[in-house]
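J.: Dropping in my_file_11.txt, which is compact mmCIF, C-alpha atoms and all ligand atoms:
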```txt
# COMPACT_ATOMS: atom_id res chain seq x y z
CA MET A 1 6.67 16.37 -15.66
CA LEU A 2 6.47 16.45 -11.88
CA THR A 3 9.43 14.96 -10.13
CA THR A 4 10.09 14.29 -6.48
CA GLY A 5 13.59 15.74 -6.49
CA THR A 6 12.91 18.61 -4.11
CA PHE A 7 11.06 16.42 -1.68
CA GLN A 8 13.74 13.76 -1.89
CA ALA A 9 16.52 16.26 -1.30
CA ALA A 10 14.68 17.53 1.77
CA ARG A 11 14.09 14.02 3.03
CA GLN A 12 17.74 13.10 2.44
CA ARG A 13 18.83 15.92 4.70
CA THR A 14 16.51 14.62 7.36
CA CYS A 15 17.12 10.92 7.57
CA GLY A 16 20.24 10.31 5.54
CA ALA A 17 18.79 6.97 4.48
CA CYS A 18 16.93 7.96 1.35
CA VAL A 19 18.73 8.62 -1.89
CA LEU A 20 17.22 9.47 -5.24
CA ILE A 21 18.07 6.36 -7.21
CA PRO A 22 15.20 5.70 -9.58
CA ALA A 23 13.83 2.15 -9.51
CA MET A 24 15.53 1.34 -6.19
CA LEU A 25 13.64 0.85 -2.95
CA SER A 26 15.36 3.33 -0.66
CA TYR A 27 12.50 4.55 1.51
CA ARG A 28 12.02 3.17 5.04
CA HIS A 29 9.05 4.45 6.95
CA GLN A 30 10.67 3.76 10.32
CA PHE A 31 12.49 7.13 9.96
CA HIS A 32 9.19 8.99 9.62
CA ALA A 33 6.65 7.00 11.67
CA GLY A 34 4.39 9.18 13.76
CA ASN A 35 5.40 12.44 12.10
CA VAL A 36 3.00 15.25 11.17
CA ALA A 37 2.21 13.63 7.82
CA ASP A 38 1.35 10.33 9.53
CA VAL A 39 -0.92 12.06 12.04
CA PHE A 40 -2.76 13.83 9.20
CA LYS A 41 -3.04 10.78 6.92
CA HIS A 42 -4.06 8.34 9.66
CA ALA A 43 -6.56 10.75 11.22
CA MET A 44 -8.20 11.04 7.77
CA LEU A 45 -7.95 7.28 7.22
CA THR A 46 -9.95 6.63 10.39
CA ARG A 47 -12.74 8.94 9.15
CA LEU A 48 -12.92 7.04 5.84
CA LEU A 49 -13.03 3.66 7.60
CA LEU A 50 -15.68 4.74 10.08
CA ALA A 51 -17.84 5.96 7.20
CA LEU A 52 -17.53 2.57 5.49
CA ALA A 53 -18.34 0.74 8.74
CA LYS A 54 -21.65 2.61 9.07
CA LYS A 55 -23.30 0.03 6.81
CA ASP A 56 -23.53 -3.64 7.83
CA LYS A 57 -22.37 -4.89 4.46
CA PRO A 58 -18.70 -5.98 4.58
CA PHE A 59 -16.09 -3.90 2.79
CA CYS A 60 -12.52 -4.37 1.59
CA VAL A 61 -9.47 -2.15 2.11
CA LEU A 62 -6.55 -2.40 -0.31
CA ASP A 63 -3.47 -0.74 1.23
CA THR A 64 -1.06 -0.59 -1.70
CA HIS A 65 2.05 0.66 0.18
CA ALA A 66 1.64 -0.87 3.62
CA GLY A 67 5.01 -0.49 5.40
CA VAL A 68 5.72 -2.73 8.42
CA GLY A 69 2.47 -2.02 10.28
CA LEU A 70 3.93 -1.12 13.69
CA TYR A 71 6.89 1.11 14.59
CA ASP A 72 8.98 1.08 17.76
CA LEU A 73 9.73 4.75 18.47
CA SER A 74 12.90 3.82 20.37
CA HIS A 75 14.33 2.25 17.19
CA PRO A 76 17.62 3.99 16.22
CA TRP A 77 16.08 5.26 12.95
CA SER A 78 13.22 6.94 14.81
CA GLN A 79 15.68 8.27 17.37
CA LYS A 80 17.87 9.68 14.58
CA THR A 81 15.16 11.85 13.01
CA GLU A 82 12.85 12.24 16.02
CA GLU A 83 10.10 13.22 13.56
CA TRP A 84 7.44 11.72 15.82
CA ARG A 85 8.24 14.34 18.47
CA SER A 86 6.74 17.08 16.29
CA GLY A 87 3.90 14.80 15.23
CA ILE A 88 2.06 12.34 17.45
CA ALA A 89 3.94 13.46 20.60
CA ARG A 90 2.38 16.93 20.27
CA ILE A 91 -1.15 15.61 20.54
CA TRP A 92 -0.54 12.58 22.73
CA GLY A 93 -2.03 13.27 26.14
CA ARG A 94 -4.03 16.31 25.02
CA LYS A 95 -7.38 16.34 26.81
CA ASP A 96 -9.13 18.73 24.42
CA VAL A 97 -9.13 16.67 21.24
CA PRO A 98 -12.18 16.99 18.97
CA GLU A 99 -14.50 14.00 18.92
CA SER A 100 -13.63 13.24 15.30
CA LEU A 101 -10.01 12.62 16.31
CA VAL A 102 -10.81 10.23 19.17
CA PRO A 103 -10.98 7.02 17.08
CA TYR A 104 -7.50 7.77 15.68
CA LEU A 105 -6.04 8.38 19.14
CA GLU A 106 -7.74 5.26 20.48
CA ALA A 107 -6.00 3.25 17.77
CA ILE A 108 -2.63 4.68 18.86
CA ARG A 109 -3.49 4.08 22.54
CA ALA A 110 -4.29 0.44 21.84
CA ASP A 111 -0.61 -0.05 21.02
CA ASN A 112 0.50 1.97 24.06
CA PRO A 113 -1.77 0.58 26.77
CA ASP A 114 0.26 1.93 29.72
CA GLY A 115 -0.10 5.51 28.43
CA GLN A 116 3.58 5.90 27.51
CA LEU A 117 4.04 6.67 23.82
CA ARG A 118 6.45 3.96 22.69
CA ARG A 119 4.97 2.54 19.52
CA TYR A 120 3.23 3.97 16.51
CA PRO A 121 0.88 1.84 14.42
CA GLY A 122 0.97 2.16 10.65
CA SER A 123 -1.95 2.21 8.24
CA PRO A 124 -2.48 -1.61 8.16
CA ARG A 125 -2.70 -1.81 11.94
CA ILE A 126 -4.97 1.24 12.23
CA ALA A 127 -7.20 -0.04 9.42
CA ARG A 128 -7.55 -3.52 10.91
CA ARG A 129 -8.52 -2.02 14.27
CA LEU A 130 -11.36 -0.03 12.73
CA MET A 131 -12.56 -2.87 10.51
CA ARG A 132 -14.96 -5.59 11.55
CA ASP A 133 -14.11 -9.31 11.46
CA THR A 134 -16.09 -9.67 8.26
CA ASP A 135 -14.24 -6.86 6.46
CA ARG A 136 -11.24 -7.84 4.35
CA LEU A 137 -7.81 -6.18 4.39
CA VAL A 138 -5.34 -6.64 1.51
CA LEU A 139 -1.82 -5.33 2.10
CA CYS A 140 0.97 -4.88 -0.44
CA GLU A 141 4.56 -4.03 0.46
CA LEU A 142 7.39 -4.24 -2.05
CA ASN A 143 10.33 -4.24 0.38
CA LYS A 144 11.02 -7.89 1.23
CA ASP A 145 12.14 -7.28 4.83
CA ASP A 146 9.25 -4.93 5.58
CA CYS A 147 6.81 -7.36 4.02
CA ALA A 148 8.21 -10.19 6.18
CA ALA A 149 7.73 -8.03 9.30
CA LEU A 150 4.18 -7.26 8.20
CA LYS A 151 3.44 -10.97 7.70
CA GLU A 152 4.72 -11.70 11.20
CA LEU A 153 2.59 -8.91 12.70
CA PHE A 154 -0.58 -10.17 11.05
CA ALA A 155 0.09 -13.91 11.36
CA GLY A 156 -3.20 -15.69 12.00
CA VAL A 157 -5.33 -12.55 11.67
CA ARG A 158 -8.49 -13.43 9.79
CA HIS A 159 -9.45 -11.80 6.51
CA THR A 160 -6.04 -10.16 6.17
CA ALA A 161 -3.83 -10.99 3.17
CA ILE A 162 -0.26 -9.77 2.72
CA HIS A 163 1.55 -9.65 -0.61
CA ASN A 164 5.15 -8.86 -1.46
CA LYS A 165 3.95 -7.05 -4.56
CA ASP A 166 4.14 -3.71 -6.35
CA GLY A 167 1.27 -1.64 -4.97
CA PHE A 168 0.56 0.07 -8.28
CA GLN A 169 0.27 -3.28 -10.05
CA SER A 170 -1.92 -4.60 -7.25
CA LEU A 171 -4.79 -2.41 -8.54
CA ARG A 172 -5.04 -4.70 -11.55
CA ALA A 173 -4.86 -7.82 -9.38
CA PHE A 174 -7.31 -6.87 -6.60
CA LEU A 175 -9.84 -4.38 -8.00
CA PRO A 176 -12.76 -4.53 -7.96
CA PRO A 177 -13.08 -6.43 -4.68
CA GLN A 178 -15.76 -9.08 -4.42
CA GLU A 179 -17.50 -7.02 -1.70
CA ARG A 180 -18.05 -4.14 -4.19
CA ARG A 181 -17.56 -1.72 -1.29
CA GLY A 182 -14.32 -0.38 0.00
CA LEU A 183 -11.25 1.82 0.03
CA THR A 184 -8.04 1.80 -1.98
CA PHE A 185 -5.40 3.55 0.13
CA ILE A 186 -2.33 4.65 -1.84
CA ASP A 187 0.49 5.92 0.35
CA ALA A 188 3.45 5.83 -2.03
CA ALA A 189 7.02 6.44 -0.91
CA PHE A 190 7.69 9.33 -3.33
CA ASP A 191 11.28 8.15 -3.64
CA GLN A 192 11.25 7.72 -7.41
CA ALA A 193 11.01 10.10 -10.35
CA ASP A 194 7.45 10.79 -11.56
CA GLU A 195 5.74 9.38 -8.47
CA PHE A 196 3.11 12.15 -8.83
CA GLY A 197 2.41 10.96 -12.37
CA ARG A 198 2.13 7.38 -11.11
CA VAL A 199 -0.42 8.25 -8.44
CA VAL A 200 -2.55 10.15 -10.98
CA ARG A 201 -2.51 7.09 -13.27
CA ALA A 202 -3.31 4.92 -10.24
CA ALA A 203 -6.32 7.11 -9.37
CA LYS A 204 -7.60 6.68 -12.93
CA GLU A 205 -7.00 2.94 -12.89
CA ALA A 206 -8.69 2.44 -9.50
CA TYR A 207 -11.72 4.38 -10.75
CA SER A 208 -11.93 2.51 -14.04
CA ARG A 209 -11.83 -0.84 -12.22
CA PHE A 210 -13.95 0.06 -9.19
CA ALA A 211 -16.09 3.08 -10.07
CA THR A 212 -18.04 3.17 -6.80
CA GLY A 213 -15.01 2.57 -4.57
CA MET A 214 -13.31 5.19 -2.48
CA THR A 215 -9.66 5.95 -3.32
CA ALA A 216 -7.41 7.93 -0.96
CA ILE A 217 -4.00 9.09 -2.14
CA TRP A 218 -1.48 10.73 0.17
CA TYR A 219 1.09 13.17 -1.29
CA PRO A 220 3.87 15.43 0.05
CA LEU A 221 3.63 19.17 -0.58
CA MET A 222 6.25 20.51 -2.92
CA ALA A 223 6.71 23.82 -4.79
CA PRO A 224 3.35 25.54 -5.50
CA SER A 225 3.88 25.27 -9.29
CA ALA A 226 4.37 21.50 -8.98
CA MET A 227 1.25 21.20 -6.83
CA ASP A 228 -0.77 23.21 -9.36
CA ALA A 229 0.36 20.84 -12.11
CA PHE A 230 -0.63 17.85 -9.93
CA ALA A 231 -4.11 19.31 -9.35
CA ARG A 232 -4.50 20.05 -13.08
CA SER A 233 -3.59 16.50 -14.04
CA LEU A 234 -6.06 15.11 -11.47
CA ARG A 235 -8.81 17.41 -12.80
CA ALA A 236 -8.11 16.18 -16.31
CA ALA A 237 -8.19 12.51 -15.29
CA GLY A 238 -11.94 12.05 -15.65
CA LEU A 239 -12.47 11.25 -11.96
CA PRO A 240 -15.84 11.49 -10.20
CA LYS A 241 -16.32 13.78 -7.16
CA THR A 242 -12.95 14.24 -5.53
CA LEU A 243 -11.99 16.09 -2.38
CA GLN A 244 -8.54 17.56 -1.70
CA LEU A 245 -7.38 17.83 1.89
CA GLU A 246 -4.13 19.39 3.08
CA LEU A 247 -2.33 20.18 6.30
CA THR A 248 0.71 22.47 6.06
CA VAL A 249 2.64 23.25 9.22
CA HIS A 250 5.69 25.11 7.91
CA PRO A 251 6.19 28.12 5.60
CA GLU A 252 6.76 27.72 1.85
CA ASN A 253 10.52 28.33 2.14
CA TRP A 254 10.93 25.49 4.70
CA THR A 255 13.75 23.13 3.68
CA GLU A 256 14.36 20.82 6.65
CA HIS A 257 11.75 18.26 5.60
CA ILE A 258 8.31 18.40 4.06
CA ARG A 259 6.28 21.47 4.99
CA GLY A 260 3.00 19.61 4.79
CA SER A 261 1.08 16.96 2.96
CA GLY A 262 -2.25 16.25 1.38
CA MET A 263 -4.76 13.59 0.53
CA ILE A 264 -6.95 13.21 -2.52
CA VAL A 265 -10.17 11.36 -1.76
CA VAL A 266 -12.09 10.07 -4.77
CA ASN A 267 -15.74 9.27 -3.94
CA PRO A 268 -15.39 10.65 -0.40
CA PRO A 269 -17.97 9.67 2.21
CA PHE A 270 -20.99 11.95 2.51
CA GLY A 271 -20.25 14.89 4.82
CA LEU A 272 -16.44 14.64 4.81
CA ASP A 273 -16.27 18.12 3.25
CA ARG A 274 -17.99 19.53 6.37
CA GLU A 275 -16.36 17.23 8.91
CA ALA A 276 -12.74 17.66 7.76
CA PRO A 277 -12.19 21.46 8.11
CA PRO A 278 -12.62 21.72 11.92
CA LEU A 279 -10.52 18.58 12.40
CA LEU A 280 -7.77 19.93 10.15
CA ASP A 281 -7.88 23.31 11.90
CA TRP A 282 -7.44 21.64 15.29
CA LEU A 283 -4.50 19.62 13.97
CA TRP A 284 -2.93 22.74 12.49
CA GLN A 285 -3.24 24.61 15.80
CA ALA A 286 -1.64 21.66 17.59
CA LEU A 287 1.09 20.81 15.08
CA SER A 288 2.28 24.14 13.69
CA PRO A 289 4.43 25.77 16.39
CA GLU A 290 5.19 28.86 14.28
CA LYS A 291 1.56 29.05 13.10
CA ALA A 292 2.74 28.83 9.51
CA GLY A 293 1.05 27.06 6.61
CA GLY A 294 -2.62 26.23 6.97
CA THR A 295 -5.29 23.78 5.88
CA ARG A 296 -7.29 23.03 2.77
CA CYS A 297 -10.51 21.15 2.14
CA GLU A 298 -11.73 21.78 -1.40
CA TRP A 299 -13.56 19.95 -4.13
CA LEU A 300 -11.08 19.17 -6.89
CA VAL A 301 -13.91 17.63 -8.90
CA ARG A 302 -17.49 18.45 -7.97
CA GLU A 303 -20.34 16.05 -8.56
C1 LIG A 401 5.01 5.91 3.13
S1 LIG A 401 5.42 4.25 3.42
C2 LIG A 401 3.93 3.49 3.86
C3 LIG A 401 3.44 3.79 5.21
C4 LIG A 401 2.14 3.11 5.57
N1 LIG A 401 1.14 3.25 4.52
C5 LIG A 401 1.58 3.71 6.84
O1 LIG A 401 0.79 4.65 6.75
O2 LIG A 401 1.93 3.21 7.90
C6 LIG A 401 5.64 3.63 1.80
C7 LIG A 401 5.95 2.15 1.75
O3 LIG A 401 5.84 1.71 0.40
C8 LIG A 401 6.85 0.76 0.14
N2 LIG A 401 6.98 0.76 -1.32
C9 LIG A 401 7.77 1.53 -2.10
N3 LIG A 401 7.47 1.31 -3.41
C10 LIG A 401 6.46 0.41 -3.42
C11 LIG A 401 5.70 -0.19 -4.47
N4 LIG A 401 5.91 0.11 -5.75
N5 LIG A 401 4.72 -1.06 -4.11
C12 LIG A 401 4.49 -1.37 -2.81
N6 LIG A 401 5.19 -0.84 -1.79
C13 LIG A 401 6.16 0.04 -2.10
C14 LIG A 401 8.03 1.22 0.93
O4 LIG A 401 8.89 0.12 1.21
C15 LIG A 401 7.35 1.77 2.20
O5 LIG A 401 7.26 0.78 3.18
```
Reformat the file's structure so that it appears as structure tokens.
Ligand SMILES: C[S@@+](CC[C@H](N)C(=O)[O-])C[C@H]1O[C@@H](n2cnc3c(N)ncnc32)[C@H](O)[C@@H]1O
T.:
Amino acid sequence: MLTTGTFQAARQRTCGACVLIPAMLSYRHQFHAGNVADVFKHAMLTRLLLALAKKDKPFCVLDTHAGVGLYDLSHPWSQKTEEWRSGIARIWGRKDVPESLVPYLEAIRADNPDGQLRRYPGSPRIARRLMRDTDRLVLCELNKDDCAALKELFAGVRHTAIHNKDGFQSLRAFLPPQERRGLTFIDAAFDQADEFGRVVRAAKEAYSRFATGMTAIWYPLMAPSAMDAFARSLRAAGLPKTLQLELTVHPENWTEHIRGSGMIVVNPPFGLDREAPPLLDWLWQALSPEKAGGTRCEWLVRE
């Protein structure tokens, strides 16, 4: 069985706010907002949303683990870890960004209109910005306080529903969407035992309920043997074409916090396998000071 113990131990050293107590909600994204993993996952998220928006027909995004939607980088928790300094701060203000990264940076700029990096938008905020009025956003957040903050942020925003609900259970409640087009975005906290097993089961469930839908699952990189087991269980899950993307910015023996992260994209948009590698390479150049780690864009399941 894959467990998140190593990752959790690393995270504990970093923020001091996360403890491995199964079945308890200990994770708070405020400690990590804007870090390397966020830059990677949100840059990829924008590519998936833009692909969906190419067609006029409305689509639906189900964000199963939404967080609070917007993070103040001067918050004491962000100041304690300063993870955003090695993430978004490293590419903020760069003039040489590839075109495929521009929509992501524009979404961050929209929350920092004076050019000073003070706030970092989370996946719900980034998604809503790239969606049209007719597209529907469904957000689930299990933490009561975070969910209340999310409700406040999106008060009065059309076609946006917020639920204080378990994101894994939300698949049963909300899939398939009436639009029959869309993305299920699963960005679990990885603060509980067997979270890797849960995301594999979630990928299977999302596919069985919404076979033509896109599913994107973020995951932290752990020991290579654990990652091999994760890939094997995904390959055995009976999924359709599935792409695996990764950005690693630290060496394998790195213990301060996660060395990198990945995203599984089930039913990826046409051309993502060609579009992602140069974007990931640019991010790696920008975000890996020691030039350690690397990138990956591989078919986990081919058509
Ligand atoms: C990694 S953060 C999400 C960040 C957000 N997706 C973003 O990109 O801005 C994970 C979130 O999931 C929440 N959470 C933990 N377990 C959950 C569950 N079973 N269902 C829904 N939300 C959960 C945590 O409170 C946390 O806010």
J.: Using all atoms listed in the file, find the one residue out of A:Asn35, A:Gln116, A:Thr184, A:Thr134 that sits nearest to His65 of chain A.
T.: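 Of A:Asn35, A:Gln116, A:Thr184, A:Thr134, the one nearest His65 of chain A is A:Thr184, counting all atoms listed in the file.
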J.: For Val301 of chain A, which residue among A:Arg201, A:Arg235, A:Leu221, A:Thr255 is the nearest when counting all atoms listed in the file?
T.: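 Looking only at the distances to Val301 of chain A, the closest residue turns out to be A:Arg235.
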J.: Give as a tab-separated table (two decimals) with C-alpha atoms, keeping the file's coordinate frame the residues surrounding ligand LIG 401 (chain A) up to a distance of 6 Å, considering only C-alpha atoms and all ligand atoms.
T.:
```
chain	number	residue	atom	x	y	z
A	25	LEU	CA	13.64	0.85	-2.95
A	27	TYR	CA	12.50	4.55	1.51
A	28	ARG	CA	12.02	3.17	5.04
A	29	HIS	CA	9.05	4.45	6.95
A	64	THR	CA	-1.06	-0.59	-1.70
A	65	HIS	CA	2.05	0.66	0.18
A	66	ALA	CA	1.64	-0.87	3.62
A	67	GLY	CA	5.01	-0.49	5.40
A	69	GLY	CA	2.47	-2.02	10.28
A	122	GLY	CA	0.97	2.16	10.65
A	123	SER	CA	-1.95	2.21	8.24
A	140	CYS	CA	0.97	-4.88	-0.44
A	141	GLU	CA	4.56	-4.03	0.46
A	142	LEU	CA	7.39	-4.24	-2.05
A	143	ASN	CA	10.33	-4.24	0.38
A	165	LYS	CA	3.95	-7.05	-4.56
A	166	ASP	CA	4.14	-3.71	-6.35
A	167	GLY	CA	1.27	-1.64	-4.97
A	168	PHE	CA	0.56	0.07	-8.28
A	187	ASP	CA	0.49	5.92	0.35
A	188	ALA	CA	3.45	5.83	-2.03
A	189	ALA	CA	7.02	6.44	-0.91
```
J.: Might you pull out every residue within 9 Å of Leu62 of chain A, with only C-alpha atoms counted and same-chain residues fewer than 6 positions away left off, and present them as JSON, numbers by chain?
T.: {"A": [136, 137, 138, 139, 140, 170, 171, 174, 175, 177, 182, 183, 184, 185, 186]}
J.: With distances taken over all atoms listed in the file, which residue among A:Asp281, A:Asp96, A:Val68, A:Gly213 lies nearest Ala149 of chain A?
T.: A:Val68
J.: Check the smallest atom-to-atom distance from each of A:Leu50, A:Leu234, A:Val61, A:Val200 to Arg181 of chain A using only C-alpha atoms, then report the winner.
T.: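 When distances to Arg181 of chain A are compared using only C-alpha atoms, the smallest one comes from A:Val61.
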J.: Which one is closest to Arg85 of chain A: A:Ile126, A:Ile108, A:Ala216, A:Val36? Count all atoms listed in the file.
T.: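 Selected residue with least distance to Arg85 of chain A: A:Val36.
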